[in-house]
>>> print(open('work-v7.csv').read())   # CSV, C-alpha atoms
chain,number,residue,atom,x,y,z
W,1,MET,CA,-18.1,12.8,10.8
W,2,ILE,CA,-14.9,14.2,12.1
W,3,ARG,CA,-16.0,13.6,15.7
W,4,GLU,CA,-16.8,10.0,14.9
W,5,PHE,CA,-13.4,9.6,13.2
W,6,ILE,CA,-11.6,11.0,16.2
W,7,TYR,CA,-13.5,8.8,18.7
W,8,LYS,CA,-13.1,5.7,16.6
W,9,TYR,CA,-9.4,5.9,15.9
W,10,TYR,CA,-8.1,7.9,18.9
W,11,ILE,CA,-10.4,8.3,21.9
W,12,ASP,CA,-12.0,4.8,22.1
W,13,PRO,CA,-8.7,2.9,21.8
W,14,ILE,CA,-7.4,4.8,24.8
W,15,ARG,CA,-10.6,4.7,26.8
W,16,TYR,CA,-11.3,1.0,26.3
W,17,GLY,CA,-7.7,-0.3,26.0
W,18,GLN,CA,-8.2,-1.5,22.4
W,19,PRO,CA,-5.2,-2.5,20.2
W,20,TYR,CA,-3.5,0.2,18.2
W,21,ASN,CA,-4.7,0.8,14.6
W,22,VAL,CA,-3.0,2.1,11.6
W,23,VAL,CA,-4.3,5.6,12.0
W,24,ASP,CA,-3.2,6.2,15.6
W,25,THR,CA,0.1,4.3,15.1
W,26,LEU,CA,1.1,6.7,12.3
W,27,THR,CA,-0.2,9.7,14.2
W,28,TYR,CA,1.8,8.8,17.3
W,29,ALA,CA,4.9,8.2,15.2
W,30,VAL,CA,4.6,11.7,13.7
W,31,ILE,CA,3.9,13.2,17.2
W,32,LEU,CA,7.1,11.5,18.5
W,33,ILE,CA,9.2,13.0,15.6
W,34,ILE,CA,7.8,16.4,16.2
W,35,CYS,CA,8.4,16.2,19.9
W,36,VAL,CA,12.0,15.1,19.4
W,37,TRP,CA,12.6,18.2,17.2
W,38,PHE,CA,10.9,20.6,19.7
W,39,ILE,CA,12.9,19.1,22.6
W,40,TYR,CA,16.1,19.5,20.6
W,41,ARG,CA,15.3,23.2,19.9
W,42,TRP,CA,14.3,23.8,23.6
W,43,LEU,CA,17.5,22.2,24.9
W,44,ASN,CA,19.6,24.2,22.5
W,45,ARG,CA,17.9,27.5,23.4
W,46,SER,CA,18.3,26.7,27.1
W,47,GLN,CA,22.0,26.0,26.4
W,48,ILE,CA,21.7,22.5,27.9
W,49,THR,CA,24.3,20.3,26.1
W,50,ILE,CA,22.9,17.1,24.7
W,51,ASP,CA,25.7,14.6,25.2
W,52,ARG,CA,26.5,11.1,26.4
W,53,GLU,CA,26.0,12.1,30.1
W,54,PHE,CA,22.6,13.5,29.2
W,55,ALA,CA,21.6,10.3,27.3
W,56,TYR,CA,22.5,8.1,30.3
W,57,ALA,CA,20.5,10.4,32.6
W,58,VAL,CA,17.4,10.0,30.5
W,59,ILE,CA,17.4,6.2,30.6
W,60,PRO,CA,15.8,6.0,34.1
W,61,TRP,CA,13.0,8.3,32.9
W,62,VAL,CA,12.4,5.8,30.0
W,63,VAL,CA,12.2,3.0,32.7
W,64,LEU,CA,9.8,5.2,34.7
W,65,GLY,CA,7.5,5.4,31.7
W,66,GLY,CA,7.3,1.7,31.3
W,67,LEU,CA,6.7,1.3,35.1
W,68,LEU,CA,3.9,3.9,35.1
W,69,ARG,CA,2.2,2.0,32.2
W,70,VAL,CA,2.0,-1.0,34.5
W,71,VAL,CA,0.5,1.2,37.3
W,72,GLU,CA,-2.3,2.0,34.8
W,73,ASP,CA,-2.7,-1.8,34.1
W,74,THR,CA,-3.3,-2.4,37.8
W,75,GLN,CA,-6.4,-0.1,37.5
W,76,VAL,CA,-5.5,1.5,40.9
W,77,PRO,CA,-5.5,5.1,39.4
W,78,GLY,CA,-9.1,4.7,38.1
W,79,PRO,CA,-10.3,5.4,34.6
W,80,ASP,CA,-9.8,9.2,34.6
W,81,LEU,CA,-6.3,9.4,36.0
W,82,GLY,CA,-5.4,6.2,34.3
W,83,MET,CA,-5.9,7.8,30.9
W,84,LEU,CA,-2.9,10.0,31.6
W,85,LEU,CA,-0.8,6.8,31.9
W,86,THR,CA,-1.7,5.5,28.5
W,87,THR,CA,0.0,6.2,25.1
W,88,PRO,CA,0.5,8.9,24.0
W,89,LEU,CA,-0.6,10.9,27.0
W,90,ILE,CA,2.0,9.3,29.3
W,91,PHE,CA,4.7,10.7,27.0
W,92,PHE,CA,3.5,14.2,27.7
W,93,LEU,CA,3.1,13.4,31.4
W,94,ILE,CA,6.7,12.3,31.7
W,95,LEU,CA,7.9,15.2,29.6
W,96,GLY,CA,5.9,17.6,31.8
W,97,ILE,CA,7.7,16.3,34.9
W,98,ALA,CA,11.2,15.7,33.4
W,99,ALA,CA,11.6,19.0,31.5
W,100,PRO,CA,11.1,21.4,34.5
W,101,THR,CA,13.1,19.0,36.7
W,102,LEU,CA,16.0,19.2,34.3
W,103,TRP,CA,15.7,22.9,34.0
W,104,GLY,CA,15.6,23.4,37.7
W,105,LEU,CA,18.6,21.2,38.4
W,106,TRP,CA,20.5,23.1,35.6
W,107,LYS,CA,19.8,26.3,37.4
W,108,LEU,CA,21.0,24.8,40.7
W,109,GLU,CA,24.3,23.9,39.1
W,110,ILE,CA,24.7,27.4,37.8
W,111,LEU,CA,24.1,28.7,41.3
W,112,GLY,CA,26.8,26.3,42.6
W,113,ILE,CA,24.3,24.4,44.8
W,114,ILE,CA,24.9,21.0,43.0
W,115,PRO,CA,28.0,19.9,41.1
W,116,ARG,CA,26.5,18.0,38.1
W,117,PHE,CA,22.9,18.6,37.1
W,118,LYS,CA,22.7,15.8,34.5
W,119,GLN,CA,23.8,13.2,37.1
W,120,ALA,CA,21.2,14.6,39.5
W,121,PHE,CA,18.5,14.4,36.8
W,122,GLY,CA,19.3,10.8,36.3
W,123,LEU,CA,19.2,10.1,40.0
W,124,VAL,CA,15.8,11.8,40.3
W,125,GLY,CA,14.5,9.5,37.5
W,126,LEU,CA,16.1,6.5,39.2
W,127,ALA,CA,14.4,7.4,42.5
W,128,ALA,CA,11.0,7.8,40.9
W,129,SER,CA,11.4,4.5,39.1
W,130,GLY,CA,12.4,2.8,42.4
W,131,ILE,CA,9.4,4.2,44.2
W,132,THR,CA,7.1,3.1,41.4
W,133,LEU,CA,8.6,-0.4,41.3
W,134,LEU,CA,8.2,-0.8,45.1
W,135,PHE,CA,4.5,0.1,44.7
W,136,LEU,CA,4.1,-2.5,42.0
W,137,ILE,CA,5.8,-5.1,44.1
W,138,TRP,CA,3.5,-4.2,47.0
W,139,PHE,CA,0.5,-4.5,44.7
W,140,GLY,CA,1.6,-7.9,43.5
W,141,LEU,CA,2.2,-9.3,47.0
W,142,SER,CA,-1.0,-7.9,48.6
W,143,VAL,CA,-3.6,-7.5,45.8
W,144,SER,CA,-2.6,-9.5,42.7
W,145,THR,CA,0.1,-12.0,42.0
W,146,PHE,CA,3.8,-11.6,42.2
W,147,ASP,CA,5.8,-14.1,40.0
W,148,PRO,CA,9.4,-12.9,39.8
W,149,GLY,CA,10.3,-16.1,37.9
W,150,VAL,CA,8.6,-14.6,34.8
W,151,ALA,CA,10.9,-11.6,34.9
W,152,ILE,CA,14.0,-13.9,35.3
W,153,ILE,CA,13.0,-16.0,32.3
W,154,ILE,CA,12.2,-12.9,30.1
W,155,LEU,CA,15.4,-11.2,31.1
W,156,LEU,CA,17.4,-14.3,30.3
W,157,MET,CA,15.7,-14.6,26.9
W,158,ALA,CA,16.5,-10.9,26.2
W,159,SER,CA,20.1,-11.2,27.4
W,160,LEU,CA,20.8,-14.3,25.3
W,161,ALA,CA,19.2,-12.7,22.2
W,162,THR,CA,21.2,-9.5,22.8
W,163,CYS,CA,24.5,-11.5,23.0
W,164,LEU,CA,23.6,-13.3,19.8
W,165,VAL,CA,22.6,-10.2,17.9
W,166,TYR,CA,25.6,-8.3,19.2
W,167,GLY,CA,27.9,-11.1,18.1
W,168,LEU,CA,26.3,-11.1,14.7
W,169,ILE,CA,26.7,-7.3,14.2
W,170,ARG,CA,30.1,-7.0,15.8
W,171,TYR,CA,32.0,-10.0,14.5
W,172,VAL,CA,30.1,-11.2,11.4
W,173,PHE,CA,29.2,-7.7,10.0
W,174,GLY,CA,32.4,-6.2,11.4
W,175,TRP,CA,30.6,-3.1,12.8
W,176,THR,CA,33.0,-2.3,15.7
W,177,TYR,CA,30.9,0.7,16.6
W,178,VAL,CA,28.2,-1.5,18.0
W,179,SER,CA,30.3,-1.7,21.1
W,180,ASP,CA,28.9,1.7,22.0
W,181,ARG,CA,26.9,1.3,25.2
W,182,LEU,CA,24.0,3.2,23.8
W,183,TYR,CA,23.8,0.9,20.8
W,184,GLN,CA,23.8,-2.0,23.2
W,185,LEU,CA,21.0,-0.5,25.2
W,186,LEU,CA,19.1,-0.1,21.9
W,187,ILE,CA,19.5,-3.7,21.1
W,188,PHE,CA,18.7,-5.0,24.6
W,189,GLY,CA,15.6,-2.7,24.8
W,190,HIS,CA,14.0,-4.0,21.6
W,191,LEU,CA,14.9,-7.6,22.3
W,192,LEU,CA,13.4,-7.2,25.8
W,193,ASP,CA,10.2,-6.1,24.1
W,194,ALA,CA,10.4,-9.1,21.7
W,195,SER,CA,11.1,-11.5,24.5
W,196,ALA,CA,8.2,-10.2,26.7
W,197,THR,CA,5.8,-10.4,23.8
W,198,SER,CA,6.9,-13.9,22.8
W,199,TYR,CA,6.7,-15.3,26.3
W,200,GLY,CA,3.4,-13.5,27.1
W,201,ILE,CA,1.6,-14.7,24.0
W,202,ASP,CA,3.0,-18.2,23.5
W,203,LEU,CA,4.1,-19.3,27.0
W,204,HIS,CA,2.4,-17.4,29.8
W,205,SER,CA,-0.6,-18.9,31.6
W,206,VAL,CA,-2.6,-15.6,31.2
W,207,PRO,CA,-3.6,-15.0,27.6
W,208,TYR,CA,-2.0,-11.8,26.4
W,209,VAL,CA,-2.3,-10.2,22.9
W,210,GLU,CA,-0.1,-8.0,20.8
W,211,GLN,CA,-1.5,-4.5,20.5
W,212,HIS,CA,0.7,-3.1,17.8
W,213,VAL,CA,-0.4,-3.2,14.2
W,214,VAL,CA,2.6,-4.8,12.4
W,215,GLY,CA,3.3,-7.2,15.3
W,216,SER,CA,-0.2,-8.5,15.5
W,217,PHE,CA,-0.4,-9.0,11.8
W,218,LEU,CA,2.8,-11.0,11.7
W,219,ILE,CA,1.8,-13.1,14.7
W,220,GLU,CA,-1.5,-13.9,13.0
W,221,ILE,CA,0.0,-15.1,9.7
W,222,THR,CA,2.9,-17.0,11.3
W,223,GLY,CA,1.0,-18.4,14.3
W,224,THR,CA,3.8,-17.6,16.8
W,225,ALA,CA,4.8,-14.5,18.7
W,226,PHE,CA,8.5,-15.4,18.3
W,227,VAL,CA,8.2,-13.7,14.9
W,228,MET,CA,8.9,-10.6,16.9
W,229,TYR,CA,12.6,-11.4,17.0
W,230,PRO,CA,13.2,-11.1,13.2
W,231,LEU,CA,10.9,-8.1,13.1
W,232,LYS,CA,13.0,-6.4,15.7
W,233,LEU,CA,16.2,-7.2,13.7
W,234,LEU,CA,14.6,-5.6,10.7
W,235,VAL,CA,14.3,-2.4,12.8
W,236,ILE,CA,17.5,-2.3,14.9
W,237,ILE,CA,20.1,-3.4,12.4
W,238,PRO,CA,19.3,-0.9,9.7
W,239,GLY,CA,18.6,1.7,12.4
W,240,ILE,CA,22.1,1.3,14.0
W,241,TRP,CA,23.7,1.6,10.5
W,242,ILE,CA,21.8,4.7,9.7
W,243,LEU,CA,22.5,6.3,13.0
W,244,GLU,CA,26.2,5.6,12.7
W,245,GLN,CA,26.4,7.1,9.2
W,246,TYR,CA,24.8,10.3,10.6
W,247,ARG,CA,27.1,10.3,13.6
W,248,ARG,CA,30.2,10.1,11.4
W,249,GLY,CA,29.0,13.3,9.7
W,250,SER,CA,28.2,15.1,12.9
W,251,GLU,CA,27.7,13.7,16.4
W,252,ASP,CA,25.4,16.5,17.6
W,253,GLY,CA,22.5,16.6,20.0
W,254,ILE,CA,19.9,15.3,17.5
W,255,TRP,CA,21.8,12.0,17.2
W,256,TYR,CA,21.4,11.4,20.9
W,257,LEU,CA,17.7,12.3,20.9
W,258,ILE,CA,16.9,10.1,18.0
W,259,LEU,CA,18.8,7.2,19.6
W,260,LEU,CA,17.0,7.8,22.9
W,261,ALA,CA,13.6,7.8,21.1
W,262,MET,CA,14.5,4.5,19.5
W,263,ILE,CA,15.5,3.1,22.8
W,264,MET,CA,12.3,4.3,24.4
W,265,VAL,CA,9.9,2.7,21.9
W,266,GLY,CA,11.6,-0.7,22.6
W,267,MET,CA,12.6,-0.6,26.2
W,268,ALA,CA,9.5,1.0,27.8
W,269,PRO,CA,7.0,-1.4,26.2
W,270,GLY,CA,9.3,-4.3,27.1
W,271,ILE,CA,9.4,-3.3,30.8
W,272,ARG,CA,5.7,-2.8,30.8
W,273,ASP,CA,4.9,-6.2,29.2
W,274,MET,CA,7.3,-8.1,31.5
W,275,LEU,CA,6.0,-6.6,34.7
W,276,ARG,CA,2.4,-7.1,33.6
W,277,MET,CA,3.1,-10.8,33.4
W,278,VAL,CA,4.9,-10.8,36.8
W,279,LEU,CA,1.8,-9.3,38.4
W,280,HIS,CA,-0.7,-11.1,36.1
W,281,VAL,CA,-2.5,-7.9,35.2
>>> encode(input="work-v7.csv", output="structure tokens")
Amino acid sequence: MIREFIYKYYIDPIRYGQPYNVVDTLTYAVILIICVWFIYRWLNRSQITIDREFAYAVIPWVVLGGLLRVVEDTQVPGPDLGMLLTTPLIFFLILGIAAPTLWGLWKLEILGIIPRFKQAFGLVGLAASGITLLFLIWFGLSVSTFDPGVAIIILLMASLATCLVYGLIRYVFGWTYVSDRLYQLLIFGHLLDASATSYGIDLHSVPYVEQHVVGSFLIEITGTAFVMYPLKLLVIIPGIWILEQYRRGSEDGIWYLILLAMIMVGMAPGIRDMLRMVLHV
């Protein structure tokens, strides 16, 4: 019975690309929280400071995660290797590459070989993202379809929504702290996800579906994927307020890691969904 439960709620959704269910969604959320805590402990024990420079350096790795999910969507890696590029395995794949890279660059700085290891860490993530993006462009041009107009529309939708939400929070609510670039990245990342989902389900020529539990439920009862915008607002506005209350008490490393985790769960799926529609995969 346990084996059937595991296959039904964990193995089969990954193997067959099925939508998320309540069980695996809650499990992955718990895994993410546990991983954030262990990463925090590891960085502290390694005496690697978790600060703003570190947070900015992690963003390219978040982008890389979204791009690698699209690589899996192209089916080029095949079913076995492709499983490593699905949630939640891709998180451990990225972590397994990023953690030793960060540690190695930190050692190089200590030896005086490089000046700023965090900057170098970000550049490595940026280079890996660039190479992956070039592969996806090649795939679209030579194998599938390459429709950059889709990306332009979605990015415009996300940018406009970000400006509106930023204006609401900054000038109507009077939360001046939302001017922090990391909060702005949080807003943009989640609204990119909302824009990609809305466009993909309601406007794109290829029929896409929402795979997450809450989103799919709301789309079903409202009849439109644009319901993702108010859903995202219910997440990011209270989330920013709670994060800021914690930061006022103590802006330590865990604040940055929680904020990065929130950025990741919005931005990475948004990048993946947008590029899937560009390539029609």
>>> closest_residue(input="work-v7.csv", among="W:Thr101, W:Val71, W:Pro60, W:Leu141", to="Leu123 of chain W", atoms="only C-alpha atoms")
W:Pro60
>>> closest_residue(input="work-v7.csv", among="W:Ile6, W:Ala57, W:Leu84, W:Leu160", to="Gly96 of chain W", atoms="all atoms listed in the file")
W:Leu84
>>> residues_around(input="work-v7.csv", residues="Tyr229 of chain W", least_positions_apart="2", cutoff="9 Å", atoms="all atoms listed in the file", output="PDB file with C-alpha atoms, in the frame of the given file")
ATOM      1  CA  ALA W 161      19.200 -12.700  22.200  1.00  0.00           C
ATOM      2  CA  HIS W 190      14.000  -4.000  21.600  1.00  0.00           C
ATOM      3  CA  LEU W 191      14.900  -7.600  22.300  1.00  0.00           C
ATOM      4  CA  ALA W 194      10.400  -9.100  21.700  1.00  0.00           C
ATOM      5  CA  SER W 195      11.100 -11.500  24.500  1.00  0.00           C
ATOM      6  CA  SER W 198       6.900 -13.900  22.800  1.00  0.00           C
ATOM      7  CA  ALA W 225       4.800 -14.500  18.700  1.00  0.00           C
ATOM      8  CA  PHE W 226       8.500 -15.400  18.300  1.00  0.00           C
ATOM      9  CA  VAL W 227       8.200 -13.700  14.900  1.00  0.00           C
ATOM     10  CA  LEU W 231      10.900  -8.100  13.100  1.00  0.00           C
ATOM     11  CA  LYS W 232      13.000  -6.400  15.700  1.00  0.00           C
ATOM     12  CA  LEU W 233      16.200  -7.200  13.700  1.00  0.00           C
ATOM     13  CA  LEU W 234      14.600  -5.600  10.700  1.00  0.00           C
TER      14      LEU W 234
END
>>> residues_around(input="work-v7.csv", residues="Pro148 of chain W", least_positions_apart="5", cutoff="9 Å", atoms="only C-alpha atoms", output="PDB file with C-alpha atoms, in the coordinates of the input")
ATOM      1  CA  ILE W 153      13.000 -16.000  32.300  1.00  0.00           C
ATOM      2  CA  LEU W 275       6.000  -6.600  34.700  1.00  0.00           C
ATOM      3  CA  VAL W 278       4.900 -10.800  36.800  1.00  0.00           C
ATOM      4  CA  LEU W 279       1.800  -9.300  38.400  1.00  0.00           C
TER       5      LEU W 279
END
>>> closest_residue(input="work-v7.csv", among="W:Gly78, W:Ile187, W:Tyr40, W:Gly270", to="Glu210 of chain W", atoms="all atoms listed in the file")
W:Gly270
>>> closest_residue(input="work-v7.csv", among="W:Trp255, W:Met262, W:Gln18, W:His280", to="Asp51 of chain W", atoms="only C-alpha atoms")
W:Trp255
>>> atom_distance(input="work-v7.csv", atom1="atom CA of Ala128 of chain W", atom2="atom CA of Leu64 of chain W")
6.8 Å
>>> residues_around(input="work-v7.csv", residues="Val23 of chain W", least_positions_apart="4", cutoff="12 Å", atoms="only C-alpha atoms", output="JSON, numbers by chain")
{"W": [5, 6, 7, 8, 9, 10, 11, 13, 19, 27, 28, 29, 30, 212, 213]}
>>> closest_residue(input="work-v7.csv", among="W:Met228, W:Leu192, W:Ile34, W:Ile242", to="Ala151 of chain W", atoms="only C-alpha atoms")
W:Leu192
>>> residues_near_point(input="work-v7.csv", point="(17.6, 8.5, 32.5)", cutoff="8 Å", atoms="only C-alpha atoms", output="list in words")
Phe54, Ala55, Tyr56, Ala57, Val58, Ile59, Pro60, Trp61, Val62, Val63, Phe121, Gly122, Leu123, Gly125 and Leu126 of chain W
>>> closest_residue(input="work-v7.csv", among="W:Pro88, W:Gly140, W:Gly239, W:Gly174", to="Thr74 of chain W", atoms="only C-alpha atoms")
W:Gly140
>>> closest_atom_pairs(input="work-v7.csv", of="segment 216-243 of chain W", to="segment 165-169 of chain W", cutoff="10 Å", atoms="only C-alpha atoms", output="CSV")
residue,atom,partner,partner_atom,distance
W:Leu233,CA,W:Val165,CA,8.2
W:Ile236,CA,W:Val165,CA,9.9
W:Ile237,CA,W:Ile169,CA,7.9
W:Ile240,CA,W:Ile169,CA,9.8
>>> residues_around(input="work-v7.csv", residues="Gly189 of chain W", least_positions_apart="6", cutoff="7 Å", atoms="all atoms listed in the file", output="list in words")
Ile263, Gly266, Met267 and Gly270 of chain W
>>> write_last_selection(input="work-v7.csv", atoms="C-alpha atoms", output="mmCIF file, in the coordinates of the input")
data_model
loop_
_atom_site.group_PDB
_atom_site.id
_atom_site.type_symbol
_atom_site.label_atom_id
_atom_site.label_comp_id
_atom_site.auth_asym_id
_atom_site.auth_seq_id
_atom_site.Cartn_x
_atom_site.Cartn_y
_atom_site.Cartn_z
ATOM 1 C CA ILE W 263 15.500 3.100 22.800
ATOM 2 C CA GLY W 266 11.600 -0.700 22.600
ATOM 3 C CA MET W 267 12.600 -0.600 26.200
ATOM 4 C CA GLY W 270 9.300 -4.300 27.100
#
>>> atom_distance(input="work-v7.csv", atom1="atom CA of Gln184 of chain W", atom2="atom CA of Ser129 of chain W")
21.2 Å
>>> residues_near_point(input="work-v7.csv", point="(22.5, 14.7, 18.1)", cutoff="12 Å", atoms="only C-alpha atoms", output="short mmCIF file (atom, residue, chain, number, x, y, z; two decimals) with C-alpha atoms, keeping the file's coordinate frame")
data_model
loop_
_atom_site.label_atom_id
_atom_site.label_comp_id
_atom_site.auth_asym_id
_atom_site.auth_seq_id
_atom_site.Cartn_x
_atom_site.Cartn_y
_atom_site.Cartn_z
CA VAL W 36 12.00 15.10 19.40
CA TRP W 37 12.60 18.20 17.20
CA ILE W 39 12.90 19.10 22.60
CA TYR W 40 16.10 19.50 20.60
CA ARG W 41 15.30 23.20 19.90
CA LEU W 43 17.50 22.20 24.90
CA ASN W 44 19.60 24.20 22.50
CA THR W 49 24.30 20.30 26.10
CA ILE W 50 22.90 17.10 24.70
CA ASP W 51 25.70 14.60 25.20
CA ARG W 52 26.50 11.10 26.40
CA PHE W 54 22.60 13.50 29.20
CA ALA W 55 21.60 10.30 27.30
CA LEU W 243 22.50 6.30 13.00
CA GLU W 244 26.20 5.60 12.70
CA TYR W 246 24.80 10.30 10.60
CA ARG W 247 27.10 10.30 13.60
CA ARG W 248 30.20 10.10 11.40
CA GLY W 249 29.00 13.30 9.70
CA SER W 250 28.20 15.10 12.90
CA GLU W 251 27.70 13.70 16.40
CA ASP W 252 25.40 16.50 17.60
CA GLY W 253 22.50 16.60 20.00
CA ILE W 254 19.90 15.30 17.50
CA TRP W 255 21.80 12.00 17.20
CA TYR W 256 21.40 11.40 20.90
CA LEU W 257 17.70 12.30 20.90
CA ILE W 258 16.90 10.10 18.00
CA LEU W 259 18.80 7.20 19.60
CA LEU W 260 17.00 7.80 22.90
CA ALA W 261 13.60 7.80 21.10
#
>>> build_atoms(input="work-v7.csv", residues="segment 239-259 of chain W", atoms="N, CA and C atoms", output="PDB file, keeping the file's coordinate frame")
ATOM      1  N   GLY W 239      18.631   0.461  11.621  1.00  0.00           N
ATOM      2  CA  GLY W 239      18.600   1.700  12.400  1.00  0.00           C
ATOM      3  C   GLY W 239      19.967   2.041  12.961  1.00  0.00           C
ATOM      4  N   ILE W 240      20.712   1.050  13.459  1.00  0.00           N
ATOM      5  CA  ILE W 240      22.100   1.300  14.000  1.00  0.00           C
ATOM      6  C   ILE W 240      22.978   1.786  12.846  1.00  0.00           C
ATOM      7  N   TRP W 241      22.863   1.166  11.676  1.00  0.00           N
ATOM      8  CA  TRP W 241      23.700   1.600  10.500  1.00  0.00           C
ATOM      9  C   TRP W 241      23.436   3.018  10.138  1.00  0.00           C
ATOM     10  N   ILE W 242      22.154   3.370  10.043  1.00  0.00           N
ATOM     11  CA  ILE W 242      21.800   4.700   9.700  1.00  0.00           C
ATOM     12  C   ILE W 242      22.254   5.746  10.700  1.00  0.00           C
ATOM     13  N   LEU W 243      22.058   5.413  11.974  1.00  0.00           N
ATOM     14  CA  LEU W 243      22.500   6.300  13.000  1.00  0.00           C
ATOM     15  C   LEU W 243      24.002   6.525  12.997  1.00  0.00           C
ATOM     16  N   GLU W 244      24.738   5.456  12.730  1.00  0.00           N
ATOM     17  CA  GLU W 244      26.200   5.600  12.700  1.00  0.00           C
ATOM     18  C   GLU W 244      26.668   6.415  11.511  1.00  0.00           C
ATOM     19  N   GLN W 245      25.996   6.293  10.371  1.00  0.00           N
ATOM     20  CA  GLN W 245      26.400   7.100   9.200  1.00  0.00           C
ATOM     21  C   GLN W 245      26.130   8.599   9.535  1.00  0.00           C
ATOM     22  N   TYR W 246      25.046   8.883  10.247  1.00  0.00           N
ATOM     23  CA  TYR W 246      24.800  10.300  10.600  1.00  0.00           C
ATOM     24  C   TYR W 246      25.804  10.763  11.633  1.00  0.00           C
ATOM     25  N   ARG W 247      26.165   9.907  12.602  1.00  0.00           N
ATOM     26  CA  ARG W 247      27.100  10.300  13.600  1.00  0.00           C
ATOM     27  C   ARG W 247      28.488  10.627  13.023  1.00  0.00           C
ATOM     28  N   ARG W 248      28.882   9.893  12.008  1.00  0.00           N
ATOM     29  CA  ARG W 248      30.200  10.100  11.400  1.00  0.00           C
ATOM     30  C   ARG W 248      30.205  11.505  10.705  1.00  0.00           C
ATOM     31  N   GLY W 249      29.036  11.964  10.285  1.00  0.00           N
ATOM     32  CA  GLY W 249      29.000  13.300   9.700  1.00  0.00           C
ATOM     33  C   GLY W 249      29.003  14.371  10.744  1.00  0.00           C
ATOM     34  N   SER W 250      28.252  14.139  11.830  1.00  0.00           N
ATOM     35  CA  SER W 250      28.200  15.100  12.900  1.00  0.00           C
ATOM     36  C   SER W 250      27.486  14.533  14.103  1.00  0.00           C
ATOM     37  N   GLU W 251      28.249  14.284  15.169  1.00  0.00           N
ATOM     38  CA  GLU W 251      27.700  13.700  16.400  1.00  0.00           C
ATOM     39  C   GLU W 251      27.142  14.880  17.237  1.00  0.00           C
ATOM     40  N   ASP W 252      25.978  15.393  16.865  1.00  0.00           N
ATOM     41  CA  ASP W 252      25.400  16.500  17.600  1.00  0.00           C
ATOM     42  C   ASP W 252      24.239  15.994  18.464  1.00  0.00           C
ATOM     43  N   GLY W 253      23.527  16.933  19.078  1.00  0.00           N
ATOM     44  CA  GLY W 253      22.500  16.600  20.000  1.00  0.00           C
ATOM     45  C   GLY W 253      21.349  15.767  19.401  1.00  0.00           C
ATOM     46  N   ILE W 254      21.006  16.035  18.151  1.00  0.00           N
ATOM     47  CA  ILE W 254      19.900  15.300  17.500  1.00  0.00           C
ATOM     48  C   ILE W 254      20.143  13.858  17.411  1.00  0.00           C
ATOM     49  N   TRP W 255      21.422  13.467  17.250  1.00  0.00           N
ATOM     50  CA  TRP W 255      21.800  12.000  17.200  1.00  0.00           C
ATOM     51  C   TRP W 255      21.422  11.349  18.480  1.00  0.00           C
ATOM     52  N   TYR W 256      21.753  11.978  19.588  1.00  0.00           N
ATOM     53  CA  TYR W 256      21.400  11.400  20.900  1.00  0.00           C
ATOM     54  C   TYR W 256      19.924  11.305  21.097  1.00  0.00           C
ATOM     55  N   LEU W 257      19.192  12.332  20.700  1.00  0.00           N
ATOM     56  CA  LEU W 257      17.700  12.300  20.900  1.00  0.00           C
ATOM     57  C   LEU W 257      17.053  11.273  20.057  1.00  0.00           C
ATOM     58  N   ILE W 258      17.482  11.120  18.806  1.00  0.00           N
ATOM     59  CA  ILE W 258      16.900  10.100  18.000  1.00  0.00           C
ATOM     60  C   ILE W 258      17.185   8.702  18.526  1.00  0.00           C
ATOM     61  N   LEU W 259      18.416   8.499  18.971  1.00  0.00           N
ATOM     62  CA  LEU W 259      18.800   7.200  19.600  1.00  0.00           C
ATOM     63  C   LEU W 259      17.985   6.942  20.825  1.00  0.00           C
TER      64      LEU W 259
END
